[in-house]
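Peer 1: Below is structure_34.csv; it holds CSV, C-alpha atoms.
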chain,number,residue,atom,x,y,z
J,1,MET,CA,7.0,60.9,78.0
J,2,ARG,CA,7.7,61.2,74.3
J,3,ARG,CA,10.4,58.6,74.6
J,4,LEU,CA,8.0,56.1,76.3
J,5,TRP,CA,5.4,56.6,73.5
J,6,LEU,CA,8.0,55.9,70.8
J,7,LEU,CA,9.2,52.8,72.6
J,8,PHE,CA,5.6,51.5,72.8
J,9,ALA,CA,4.9,52.3,69.2
J,10,GLN,CA,8.0,50.4,68.0
J,11,THR,CA,7.2,47.4,70.3
J,12,ALA,CA,3.7,47.2,68.9
J,13,THR,CA,4.9,47.5,65.3
J,14,VAL,CA,7.5,44.7,65.8
J,15,GLY,CA,4.8,42.5,67.5
J,16,LEU,CA,2.3,42.9,64.8
J,17,ALA,CA,5.0,42.1,62.2
J,18,LEU,CA,5.9,38.9,64.0
J,19,TRP,CA,2.3,37.9,64.3
J,20,PHE,CA,1.7,38.5,60.6
J,21,ILE,CA,4.7,36.3,59.7
J,22,VAL,CA,3.6,33.5,62.1
J,23,THR,CA,0.0,33.4,60.9
J,24,THR,CA,1.1,33.4,57.2
J,25,LEU,CA,3.9,30.8,57.3
J,26,LYS,CA,2.9,28.6,60.4
J,27,PRO,CA,-0.9,28.8,60.8
J,28,ASN,CA,-0.9,25.7,63.0
J,29,TRP,CA,1.1,27.5,65.7
J,30,SER,CA,-1.7,30.0,66.1
J,31,ASN,CA,-4.2,27.1,66.4
J,32,GLN,CA,-2.3,25.7,69.3
J,33,VAL,CA,-2.4,29.1,71.1
J,34,TRP,CA,-6.0,30.1,70.4
J,35,GLY,CA,-7.7,26.6,70.1
J,36,ASN,CA,-8.4,23.9,67.5
J,37,THR,CA,-11.3,25.7,65.8
J,38,HIS,CA,-10.0,28.3,63.3
J,39,LYS,CA,-11.3,30.7,60.8
J,40,LEU,CA,-11.1,30.5,57.1
J,41,ASN,CA,-10.5,34.0,55.8
J,42,LEU,CA,-12.0,33.9,52.3
J,43,SER,CA,-11.8,37.6,51.9
J,44,SER,CA,-11.4,40.7,54.0
J,45,THR,CA,-15.1,40.7,54.8
J,46,VAL,CA,-16.1,37.0,54.9
J,47,SER,CA,-15.0,34.3,57.4
J,48,MET,CA,-16.2,30.8,58.2
J,49,GLN,CA,-15.6,28.3,61.0
J,50,GLU,CA,-14.0,24.9,60.2
J,51,ALA,CA,-14.4,21.9,62.5
J,52,PRO,CA,-11.2,20.3,63.8
J,53,LEU,CA,-10.1,17.0,62.3
J,54,THR,CA,-11.3,14.5,64.9
J,55,PRO,CA,-12.3,10.8,64.5
J,56,VAL,CA,-15.9,10.0,63.9
J,57,ALA,CA,-17.5,8.3,66.9
J,58,ALA,CA,-17.7,4.5,66.3
J,59,GLN,CA,-21.4,4.4,67.2
J,60,SER,CA,-22.3,6.9,64.5
J,61,SER,CA,-20.6,5.1,61.6
J,62,TYR,CA,-20.9,1.6,60.0
J,63,ARG,CA,-17.7,2.0,58.0
J,64,SER,CA,-16.0,-1.0,59.6
J,65,ALA,CA,-18.9,-3.3,58.8
J,66,ALA,CA,-19.0,-2.1,55.2
J,67,LYS,CA,-15.2,-2.3,54.8
J,68,LEU,CA,-15.3,-5.9,56.1
J,69,ALA,CA,-18.2,-7.1,53.9
J,70,MET,CA,-17.8,-5.2,50.7
J,71,PRO,CA,-14.8,-7.2,49.3
J,72,SER,CA,-16.9,-10.3,49.4
J,73,VAL,CA,-19.8,-8.9,47.3
J,74,VAL,CA,-19.4,-9.4,43.6
J,75,ASN,CA,-21.1,-8.2,40.5
J,76,ILE,CA,-22.6,-10.9,38.2
J,77,ASN,CA,-23.2,-10.5,34.5
J,78,THR,CA,-25.0,-13.2,32.6
J,79,ALA,CA,-25.7,-13.7,28.9
J,80,LYS,CA,-28.0,-16.0,27.1
J,81,ALA,CA,-28.9,-16.5,23.5
J,82,SER,CA,-32.4,-15.4,22.4
J,83,PRO,CA,-33.4,-16.2,18.8
J,84,GLN,CA,-34.8,-13.4,16.8
J,85,ALA,CA,-38.2,-13.7,15.4
J,86,ASN,CA,-38.2,-14.6,11.7
J,87,ASN,CA,-39.8,-12.1,9.4
J,88,PRO,CA,-43.1,-13.6,8.2
J,89,LEU,CA,-42.4,-12.4,4.6
J,90,LEU,CA,-39.5,-14.9,4.5
J,91,ASN,CA,-41.9,-17.7,4.7
J,92,ASP,CA,-42.9,-17.0,1.1
J,93,PRO,CA,-40.7,-19.1,-1.2
J,94,PHE,CA,-40.9,-16.5,-4.0
J,95,ILE,CA,-39.5,-13.7,-1.7
J,96,ARG,CA,-36.8,-16.1,-0.2
J,97,ARG,CA,-35.5,-16.6,-3.7
J,98,PHE,CA,-34.3,-13.0,-3.7
J,99,PHE,CA,-32.9,-12.9,-0.1
J,100,GLY,CA,-31.4,-16.4,-0.1
J,101,GLU,CA,-32.0,-19.5,2.0
J,102,GLN,CA,-29.5,-18.3,4.7
J,103,GLN,CA,-32.0,-15.9,6.1
J,104,SER,CA,-32.8,-17.8,9.3
J,105,PRO,CA,-33.3,-16.4,12.8
J,106,GLN,CA,-30.1,-15.3,14.4
J,107,ALA,CA,-29.3,-15.7,18.1
J,108,GLU,CA,-29.3,-12.4,19.9
J,109,ARG,CA,-27.3,-12.1,23.2
J,110,GLN,CA,-29.3,-10.8,26.1
J,111,ALA,CA,-27.4,-9.6,29.2
J,112,SER,CA,-28.6,-9.2,32.8
J,113,LEU,CA,-27.0,-7.9,35.9
J,114,GLY,CA,-27.1,-9.0,39.6
J,115,SER,CA,-24.9,-9.5,42.6
J,116,GLY,CA,-23.4,-12.4,44.6
J,117,VAL,CA,-21.6,-13.2,47.8
J,118,ILE,CA,-18.3,-15.1,48.2
J,119,VAL,CA,-19.0,-17.6,51.0
J,120,SER,CA,-15.9,-19.7,50.7
J,121,SER,CA,-12.3,-19.0,49.9
J,122,GLN,CA,-12.5,-22.1,47.6
J,123,GLY,CA,-14.5,-20.0,45.2
J,124,TYR,CA,-18.1,-20.8,46.1
J,125,ILE,CA,-20.5,-17.8,45.5
J,126,LEU,CA,-24.1,-17.6,46.6
J,127,THR,CA,-26.6,-15.7,44.5
J,128,ASN,CA,-30.3,-15.8,43.5
J,129,ASN,CA,-31.5,-18.5,41.1
J,130,HIS,CA,-33.3,-15.9,39.0
J,131,VAL,CA,-30.0,-14.0,38.5
J,132,ILE,CA,-28.3,-16.9,36.7
J,133,GLU,CA,-31.3,-18.9,35.4
J,134,GLU,CA,-31.0,-20.2,31.8
J,135,ALA,CA,-27.7,-18.2,31.4
J,136,ASP,CA,-25.2,-19.5,28.8
J,137,GLU,CA,-22.3,-17.6,30.3
J,138,ILE,CA,-21.8,-16.2,33.8
J,139,SER,CA,-19.1,-13.5,34.4
J,140,VAL,CA,-18.1,-12.5,37.9
J,141,SER,CA,-16.4,-9.2,38.7
J,142,LEU,CA,-14.7,-8.7,42.1
J,143,PRO,CA,-14.3,-5.3,43.8
J,144,ASP,CA,-10.5,-5.6,43.5
J,145,GLY,CA,-10.8,-5.6,39.7
J,146,ARG,CA,-10.4,-9.3,39.0
J,147,GLN,CA,-12.9,-11.1,36.7
J,148,ALA,CA,-13.6,-14.8,36.2
J,149,ILE,CA,-16.1,-17.0,34.4
J,150,ALA,CA,-18.2,-19.0,36.8
J,151,LYS,CA,-19.7,-22.4,36.5
J,152,VAL,CA,-23.0,-23.5,38.1
J,153,VAL,CA,-22.6,-25.9,41.0
J,154,GLY,CA,-26.4,-26.3,41.6
J,155,THR,CA,-29.6,-24.4,41.9
J,156,ASP,CA,-32.7,-24.4,44.1
J,157,PRO,CA,-35.6,-22.7,42.5
J,158,GLU,CA,-37.9,-23.4,45.5
J,159,THR,CA,-35.9,-21.0,47.6
J,160,ASP,CA,-34.5,-18.9,44.7
J,161,LEU,CA,-30.9,-19.7,45.6
J,162,ALA,CA,-28.0,-20.8,43.5
J,163,VAL,CA,-24.3,-21.8,44.1
J,164,ILE,CA,-21.7,-20.9,41.4
J,165,LYS,CA,-17.9,-21.3,41.6
J,166,ILE,CA,-14.9,-19.4,40.2
J,167,ASP,CA,-11.3,-20.5,40.1
J,168,LEU,CA,-9.3,-17.6,41.7
J,169,ALA,CA,-6.9,-17.5,44.6
J,170,ASN,CA,-7.0,-15.3,47.7
J,171,LEU,CA,-10.7,-14.8,47.7
J,172,PRO,CA,-12.2,-12.7,50.5
J,173,ALA,CA,-15.0,-14.9,51.9
J,174,ILE,CA,-17.7,-13.3,54.1
J,175,THR,CA,-18.3,-14.4,57.6
J,176,LEU,CA,-21.7,-16.0,58.2
J,177,GLY,CA,-23.8,-14.5,60.9
J,178,HIS,CA,-26.7,-15.8,63.0
J,179,SER,CA,-30.0,-14.7,61.6
J,180,GLU,CA,-31.9,-16.6,64.3
J,181,GLN,CA,-30.4,-14.0,66.7
J,182,ALA,CA,-31.6,-11.0,64.7
J,183,PHE,CA,-34.5,-8.9,66.0
J,184,VAL,CA,-36.8,-6.3,64.5
J,185,GLY,CA,-35.2,-2.9,64.9
J,186,ASP,CA,-31.6,-4.2,64.3
J,187,VAL,CA,-29.5,-2.1,61.9
J,188,VAL,CA,-28.5,-3.8,58.7
J,189,LEU,CA,-26.6,-2.9,55.6
J,190,ALA,CA,-27.6,-4.0,52.0
J,191,ILE,CA,-24.6,-4.4,49.6
J,192,GLY,CA,-25.0,-4.9,45.9
J,193,ASN,CA,-24.9,-3.3,42.5
J,194,PRO,CA,-28.3,-1.5,42.0
J,195,PHE,CA,-29.1,-0.6,38.4
J,196,GLY,CA,-25.5,-1.4,37.4
J,197,VAL,CA,-24.1,1.8,38.9
J,198,GLY,CA,-21.4,0.0,40.9
J,199,GLN,CA,-21.1,-1.4,44.4
J,200,THR,CA,-23.4,0.4,46.7
J,201,VAL,CA,-24.1,0.2,50.5
J,202,THR,CA,-27.5,1.2,51.9
J,203,MET,CA,-28.6,1.2,55.5
J,204,GLY,CA,-31.8,0.4,57.3
J,205,ILE,CA,-33.3,-1.8,60.0
J,206,ILE,CA,-35.0,-5.2,60.1
J,207,SER,CA,-38.6,-4.3,59.8
J,208,ALA,CA,-40.0,-7.9,60.1
J,209,LEU,CA,-38.9,-11.5,60.5
J,210,GLY,CA,-40.3,-14.8,59.3
J,211,ARG,CA,-42.3,-13.4,56.4
J,212,ASN,CA,-43.7,-16.6,54.8
J,213,ASP,CA,-46.8,-15.4,53.0
J,214,VAL,CA,-45.1,-13.3,50.3
J,215,GLY,CA,-46.0,-15.8,47.5
J,216,ILE,CA,-42.6,-15.6,45.8
J,217,ASN,CA,-41.0,-19.0,46.6
J,218,THR,CA,-42.2,-22.4,47.7
J,219,TYR,CA,-40.2,-22.2,50.9
J,220,GLU,CA,-40.3,-18.7,52.5
J,221,ASN,CA,-38.9,-17.4,55.7
J,222,PHE,CA,-37.8,-13.9,54.7
J,223,ILE,CA,-36.1,-11.1,56.6
J,224,GLN,CA,-37.9,-7.9,55.7
J,225,THR,CA,-35.8,-4.7,55.7
J,226,ASP,CA,-36.3,-1.1,54.8
J,227,ALA,CA,-32.7,-0.7,53.6
J,228,ALA,CA,-32.9,0.4,50.0
J,229,VAL,CA,-32.8,-2.6,47.7
J,230,ASN,CA,-33.3,-2.1,43.9
J,231,PRO,CA,-32.9,-4.1,40.7
J,232,GLY,CA,-29.3,-5.3,40.6
J,233,ASN,CA,-29.2,-5.9,44.3
J,234,SER,CA,-30.6,-9.4,43.8
J,235,GLY,CA,-28.1,-11.9,45.2
J,236,GLY,CA,-26.2,-9.3,47.2
J,237,ALA,CA,-25.5,-9.3,51.0
J,238,LEU,CA,-27.6,-8.2,53.9
J,239,VAL,CA,-25.1,-7.8,56.8
J,240,ASP,CA,-25.3,-6.8,60.4
J,241,ILE,CA,-23.3,-4.0,62.0
J,242,ASN,CA,-20.3,-6.3,62.4
J,243,GLY,CA,-20.2,-7.1,58.7
J,244,ASN,CA,-21.5,-10.7,59.1
J,245,LEU,CA,-23.9,-12.1,56.6
J,246,LEU,CA,-27.5,-12.3,57.7
J,247,GLY,CA,-29.2,-13.0,54.4
J,248,ILE,CA,-29.2,-12.8,50.6
J,249,ASN,CA,-31.3,-10.0,49.2
J,250,SER,CA,-33.8,-11.6,46.9
J,251,ALA,CA,-36.9,-9.5,46.2
J,252,ILE,CA,-38.6,-6.1,46.7
J,253,TYR,CA,-42.1,-4.9,46.9
J,254,SER,CA,-42.5,-2.3,44.3
J,255,ARG,CA,-45.0,-0.7,42.0
J,256,ASN,CA,-42.6,1.2,39.8
J,257,GLY,CA,-39.5,-1.0,39.8
J,258,GLY,CA,-37.7,1.0,42.5
J,259,SER,CA,-37.3,0.7,46.2
J,260,LEU,CA,-40.4,1.5,48.3
J,261,GLY,CA,-38.8,0.5,51.6
J,262,ILE,CA,-39.8,-3.2,51.6
J,263,GLY,CA,-37.1,-5.6,50.7
J,264,PHE,CA,-36.9,-9.4,51.4
J,265,ALA,CA,-33.7,-11.4,52.2
J,266,ILE,CA,-33.3,-15.1,52.5
J,267,PRO,CA,-31.9,-15.8,56.0
J,268,VAL,CA,-28.6,-17.5,56.8
J,269,THR,CA,-30.5,-20.5,58.4
J,270,THR,CA,-31.9,-21.3,55.0
J,271,ILE,CA,-28.7,-20.4,53.1
J,272,LYS,CA,-26.6,-22.9,55.1
J,273,MET,CA,-28.9,-25.8,54.5
J,274,VAL,CA,-29.3,-25.1,50.8
J,275,MET,CA,-25.6,-24.4,50.2
J,276,GLU,CA,-24.3,-27.5,52.1
J,277,SER,CA,-26.8,-29.7,50.3
J,278,ILE,CA,-26.0,-28.4,46.8
J,279,ILE,CA,-22.2,-28.6,47.3
J,280,ALA,CA,-22.5,-32.2,48.7
J,281,ASN,CA,-25.2,-33.6,46.4
J,282,GLY,CA,-25.5,-31.1,43.5
J,283,GLN,CA,-29.1,-30.5,44.6
J,284,VAL,CA,-31.1,-29.8,47.7
J,285,VAL,CA,-32.3,-32.9,49.6
J,286,ARG,CA,-35.4,-32.1,51.7
J,287,GLY,CA,-37.6,-34.0,54.1
J,288,TRP,CA,-41.0,-35.1,53.1
J,289,ILE,CA,-43.9,-37.0,54.7
J,290,GLY,CA,-46.6,-36.8,51.9
J,291,VAL,CA,-49.3,-34.6,53.4
J,292,GLU,CA,-51.2,-31.6,52.0
J,293,PRO,CA,-51.6,-29.1,55.0
J,294,GLN,CA,-54.2,-26.4,55.0
J,295,ASP,CA,-54.3,-23.3,57.3
J,296,ILE,CA,-56.9,-23.4,60.1
J,297,THR,CA,-59.4,-20.6,59.9
J,298,PRO,CA,-61.1,-19.1,63.0
J,299,GLU,CA,-64.3,-21.0,61.9
J,300,MET,CA,-62.4,-24.3,61.8
J,301,ALA,CA,-60.9,-23.6,65.2
J,302,ASP,CA,-64.4,-23.2,66.7
J,303,SER,CA,-65.7,-26.3,65.0
J,304,PHE,CA,-62.8,-28.4,66.4
J,305,ASN,CA,-63.0,-26.7,69.8
J,306,LEU,CA,-59.5,-25.3,69.5
J,307,LYS,CA,-58.3,-22.5,71.7
J,308,GLU,CA,-56.6,-20.7,68.8
J,309,ALA,CA,-56.3,-21.0,65.0
J,310,SER,CA,-52.8,-22.5,65.0
J,311,GLY,CA,-51.3,-25.5,63.4
J,312,ALA,CA,-52.6,-27.0,60.1
J,313,ILE,CA,-55.3,-29.5,59.1
J,314,VAL,CA,-54.3,-32.4,56.9
J,315,ALA,CA,-56.4,-31.9,53.7
J,316,GLY,CA,-54.8,-34.9,51.9
J,317,VAL,CA,-52.4,-37.7,52.4
J,318,VAL,CA,-50.2,-39.3,49.7
J,319,ARG,CA,-51.1,-43.0,49.5
J,320,GLY,CA,-48.1,-45.1,50.5
J,321,GLY,CA,-46.2,-42.1,51.7
J,322,PRO,CA,-44.5,-41.7,55.1
J,323,ALA,CA,-47.5,-40.1,56.8
J,324,ASP,CA,-49.9,-42.6,55.4
J,325,LYS,CA,-47.7,-45.5,56.7
J,326,ALA,CA,-47.6,-43.8,60.1
J,327,GLY,CA,-51.4,-43.6,60.3
J,328,ILE,CA,-52.0,-39.9,59.6
J,329,ARG,CA,-55.4,-39.4,58.1
J,330,PRO,CA,-57.2,-36.4,56.4
J,331,GLY,CA,-58.8,-34.3,59.1
J,332,ASP,CA,-56.0,-34.7,61.6
J,333,ILE,CA,-54.5,-31.4,62.9
J,334,LEU,CA,-50.8,-31.1,63.1
J,335,THR,CA,-49.7,-28.9,66.0
J,336,GLU,CA,-46.1,-29.7,66.8
J,337,ILE,CA,-43.0,-31.2,65.1
J,338,ASN,CA,-40.4,-32.6,67.4
J,339,GLY,CA,-41.9,-30.6,70.3
J,340,LYS,CA,-41.8,-27.3,68.4
J,341,PRO,CA,-45.3,-25.6,68.0
J,342,VAL,CA,-46.2,-24.8,64.4
J,343,ALA,CA,-48.4,-21.8,63.5
J,344,ASN,CA,-49.5,-22.5,59.9
J,345,LYS,CA,-49.0,-24.7,56.8
J,346,THR,CA,-46.0,-22.7,55.5
J,347,GLU,CA,-44.2,-23.2,58.8
J,348,ILE,CA,-45.0,-26.9,58.8
J,349,LEU,CA,-43.6,-27.3,55.3
J,350,ASN,CA,-40.5,-25.4,56.2
J,351,LEU,CA,-39.8,-27.5,59.3
J,352,ILE,CA,-40.5,-30.8,57.5
J,353,ALA,CA,-38.1,-29.7,54.7
J,354,LEU,CA,-35.3,-29.3,57.2
J,355,LEU,CA,-35.7,-32.8,58.5
J,356,LYS,CA,-33.2,-35.4,57.3
J,357,PRO,CA,-34.6,-38.3,55.3
J,358,ASP,CA,-34.5,-41.8,56.8
J,359,ASN,CA,-34.7,-40.3,60.3
J,360,LYS,CA,-37.8,-40.4,62.6
J,361,ALA,CA,-39.5,-37.3,63.8
J,362,LYS,CA,-42.4,-36.8,66.4
J,363,PHE,CA,-45.6,-35.2,65.2
J,364,THR,CA,-48.2,-34.1,67.6
J,365,ILE,CA,-51.7,-34.4,66.2
J,366,ILE,CA,-55.3,-33.7,67.3
J,367,ARG,CA,-57.8,-36.3,66.0
J,368,ARG,CA,-61.3,-35.4,67.0
J,369,THR,CA,-60.8,-34.4,70.6
J,370,SER,CA,-57.8,-36.5,71.5
J,371,VAL,CA,-54.1,-35.5,71.4
J,372,SER,CA,-51.5,-38.0,70.4
J,373,THR,CA,-47.9,-38.2,69.2
J,374,VAL,CA,-46.9,-40.1,66.0
J,375,ASP,CA,-43.4,-41.1,64.9
J,376,ILE,CA,-43.0,-40.7,61.2
J,377,LEU,CA,-40.0,-42.0,59.2
J,378,ILE,CA,-39.0,-39.0,57.1
J,379,GLY,CA,-38.8,-39.5,53.3
J,380,LYS,CA,-37.0,-37.7,50.6
J,381,ARG,CA,-39.0,-35.0,48.8
J,382,PRO,CA,-39.5,-36.0,45.2
J,383,PRO,CA,-38.4,-33.5,42.5
J,384,ILE,CA,-41.1,-31.2,41.2
J,385,LYS,CA,-42.1,-31.8,37.6
J,386,ARG,CA,-41.9,-28.5,35.8
J,387,GLU,CA,-43.7,-27.7,32.6
J,388,GLU,CA,-41.4,-27.4,29.6
As structure tokens, please, write out the structure in this file.
Peer 2:
Amino acid sequence: MRRLWLLFAQTATVGLALWFIVTTLKPNWSNQVWGNTHKLNLSSTVSMQEAPLTPVAAQSSYRSAAKLAMPSVVNINTAKASPQANNPLLNDPFIRRFFGEQQSPQAERQASLGSGVIVSSQGYILTNNHVIEEADEISVSLPDGRQAIAKVVGTDPETDLAVIKIDLANLPAITLGHSEQAFVGDVVLAIGNPFGVGQTVTMGIISALGRNDVGINTYENFIQTDAAVNPGNSGGALVDINGNLLGINSAIYSRNGGSLGIGFAIPVTTIKMVMESIIANGQVVRGWIGVEPQDITPEMADSFNLKEASGAIVAGVVRGGPADKAGIRPGDILTEINGKPVANKTEILNLIALLKPDNKAKFTIIRRTSVSTVDILIGKRPPIKREE
């Protein structure tokens, strides 16, 4: 009996020694025996569980979309000269004798920061007009560390878009998506350089589509999102979960300068038209018929015996313009353009702007109680005269 006990004791001692050596030198061996989850022995009295190294499920991460789109989103730095105010004391000739005649206002450099999106490997970059407006110098910084000075190809203040160009090779152009196939509730990512902290990706959903009553631009058809968009994000990308461009982040609703969960992006449908027109013509060419539309109120709908307050009433017609030549008169109600129903004056202006000049389009109107269709030869929208 004594001999059996000694044999058991020796066997147990050797087994414990072997186990100690294995767990110390080859901890992975013990994991394979006892399972993937293992303990972290921080001390003799504390232990913690560590999860195994397993891939994150694809549906719970948007890393592939971010990885695809981020190289195409650039930082834009602009600078412009701002003359300093002259000291009023220097207007006195007696005082100027002591300080010299050279004391004139000096130009002070002002810098601003925004974002942009590379849309072509040829160097074309889309951004907001307000990001580069009146800039003397535009510097573009790519995520890969390269920098270049950009030149302005053209701007469109009426949609707050601008196209600039840099001369670099091997540029990662983003893939354009289809904003017309986007729906409220779709997940989107906003990529830009908020507050100048560096490239940042935020996630949210599309909270509304077709926002055209924001009052920011002449032509509005915004995608509204709750993805965090802050100062510095202007001109950056709004992308879908596949990394395709859905819009250019343009504005936010804010009371304190920061994100409150309401951001606005210009959709790809508008971007394509503006970009192609600027690259081809140096400016945006829009359709025009020479009418001043006005939204129909419920009271107007009742007086005209309309079933609903949709469409727009013609409040004025430009003499000699395309609509005037086609017989459109004040008081007519526009309800359809090329068979597409229109809801309000903003939608009418947007649709007319997309029509190509020198082509005819069919307009459905209501005059008194009769409905008719009028062919109008689309004209070219004249440039807006801005106050100097």
Peer 1: Give the answer as one residue: which of J:Ile337, J:Leu238, J:Ala251, J:Ile118 has the shortest atom-to-atom distance to His178 of chain J, using all atoms listed in the file?
Peer 2: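 Of the candidates, the smallest distance to His178 of chain J is held by J:Leu238.
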Peer 1: With distances taken over all atoms listed in the file, which residue among J:Asn230, J:Gln181, J:Asn338, J:Ser370 lies nearest Leu355 of chain J?
Peer 2: J:Asn338
Peer 1: Quick one: pull the distance between atom CA of Gly215 of chain J and atom CA of Gly263 of chain J, Å, one decimal.
Peer 2: 13.9 Å
Peer 1: Please identify all polymer residues within 6 Å of Lys165 of chain J, counting all atoms listed in the file, omitting same-chain residues fewer than 3 positions from it, and present them as a list of chain:residue names.
Peer 2: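 Surrounding residues, per the criterion: J:Gly123, J:Tyr124, J:Ile125, J:Ala150, J:Lys151.
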Peer 1: Which residues come within 6 Å of segment 289-306 of chain J, counting only C-alpha atoms, excluding same-chain residues fewer than 3 positions away, as a PyMOL selection string?
Peer 2: chain J and resi 309+312-318+321-323+344-345+378-379
Peer 1: Using only C-alpha atoms, find the one residue out of J:Arg329, J:Lys380, J:Arg3, J:His130 that sits nearest to Ile365 of chain J.
Peer 2: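 Counting only C-alpha atoms, the residue closest to Ile365 of chain J is J:Arg329.
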Peer 1: Missing atoms in segment 229-243 of chain J should be modelled up to N, CA and C atoms and reported as an mmCIF file, in the frame of the given file.
Peer 2:
data_model
loop_
_atom_site.group_PDB
_atom_site.id
_atom_site.type_symbol
_atom_site.label_atom_id
_atom_site.label_comp_id
_atom_site.auth_asym_id
_atom_site.auth_seq_id
_atom_site.Cartn_x
_atom_site.Cartn_y
_atom_site.Cartn_z
ATOM 1 N N VAL J 229 -33.201 -1.517 48.544
ATOM 2 C CA VAL J 229 -32.800 -2.600 47.700
ATOM 3 C C VAL J 229 -33.514 -2.411 46.336
ATOM 4 N N ASN J 230 -32.729 -2.405 45.264
ATOM 5 C CA ASN J 230 -33.300 -2.100 43.900
ATOM 6 C C ASN J 230 -32.814 -3.172 42.944
ATOM 7 N N PRO J 231 -33.361 -3.159 41.719
ATOM 8 C CA PRO J 231 -32.900 -4.100 40.700
ATOM 9 C C PRO J 231 -31.395 -4.074 40.547
ATOM 10 N N GLY J 232 -30.772 -5.234 40.574
ATOM 11 C CA GLY J 232 -29.300 -5.300 40.600
ATOM 12 C C GLY J 232 -28.762 -5.720 41.911
ATOM 13 N N ASN J 233 -29.549 -5.467 42.976
ATOM 14 C CA ASN J 233 -29.200 -5.900 44.300
ATOM 15 C C ASN J 233 -29.425 -7.391 44.531
ATOM 16 N N SER J 234 -30.219 -7.998 43.662
ATOM 17 C CA SER J 234 -30.600 -9.400 43.800
ATOM 18 C C SER J 234 -29.307 -10.268 43.926
ATOM 19 N N GLY J 235 -29.242 -11.093 44.966
ATOM 20 C CA GLY J 235 -28.100 -11.900 45.200
ATOM 21 C C GLY J 235 -27.020 -11.296 46.052
ATOM 22 N N GLY J 236 -27.205 -10.013 46.399
ATOM 23 C CA GLY J 236 -26.200 -9.300 47.200
ATOM 24 C C GLY J 236 -26.430 -9.627 48.708
ATOM 25 N N ALA J 237 -25.597 -8.996 49.536
ATOM 26 C CA ALA J 237 -25.500 -9.300 51.000
ATOM 27 C C ALA J 237 -26.366 -8.387 51.804
ATOM 28 N N LEU J 238 -27.005 -8.964 52.812
ATOM 29 C CA LEU J 238 -27.600 -8.200 53.900
ATOM 30 C C LEU J 238 -26.764 -8.544 55.136
ATOM 31 N N VAL J 239 -26.071 -7.553 55.708
ATOM 32 C CA VAL J 239 -25.100 -7.800 56.800
ATOM 33 C C VAL J 239 -25.512 -7.048 58.039
ATOM 34 N N ASP J 240 -25.024 -7.536 59.190
ATOM 35 C CA ASP J 240 -25.300 -6.800 60.400
ATOM 36 C C ASP J 240 -24.181 -5.780 60.656
ATOM 37 N N ILE J 241 -24.211 -5.099 61.807
ATOM 38 C CA ILE J 241 -23.300 -4.000 62.000
ATOM 39 C C ILE J 241 -21.864 -4.458 62.287
ATOM 40 N N ASN J 242 -21.666 -5.765 62.331
ATOM 41 C CA ASN J 242 -20.300 -6.300 62.400
ATOM 42 C C ASN J 242 -19.795 -6.824 61.105
ATOM 43 N N GLY J 243 -20.595 -6.660 60.043
ATOM 44 C CA GLY J 243 -20.200 -7.100 58.700
ATOM 45 C C GLY J 243 -20.423 -8.566 58.442
#
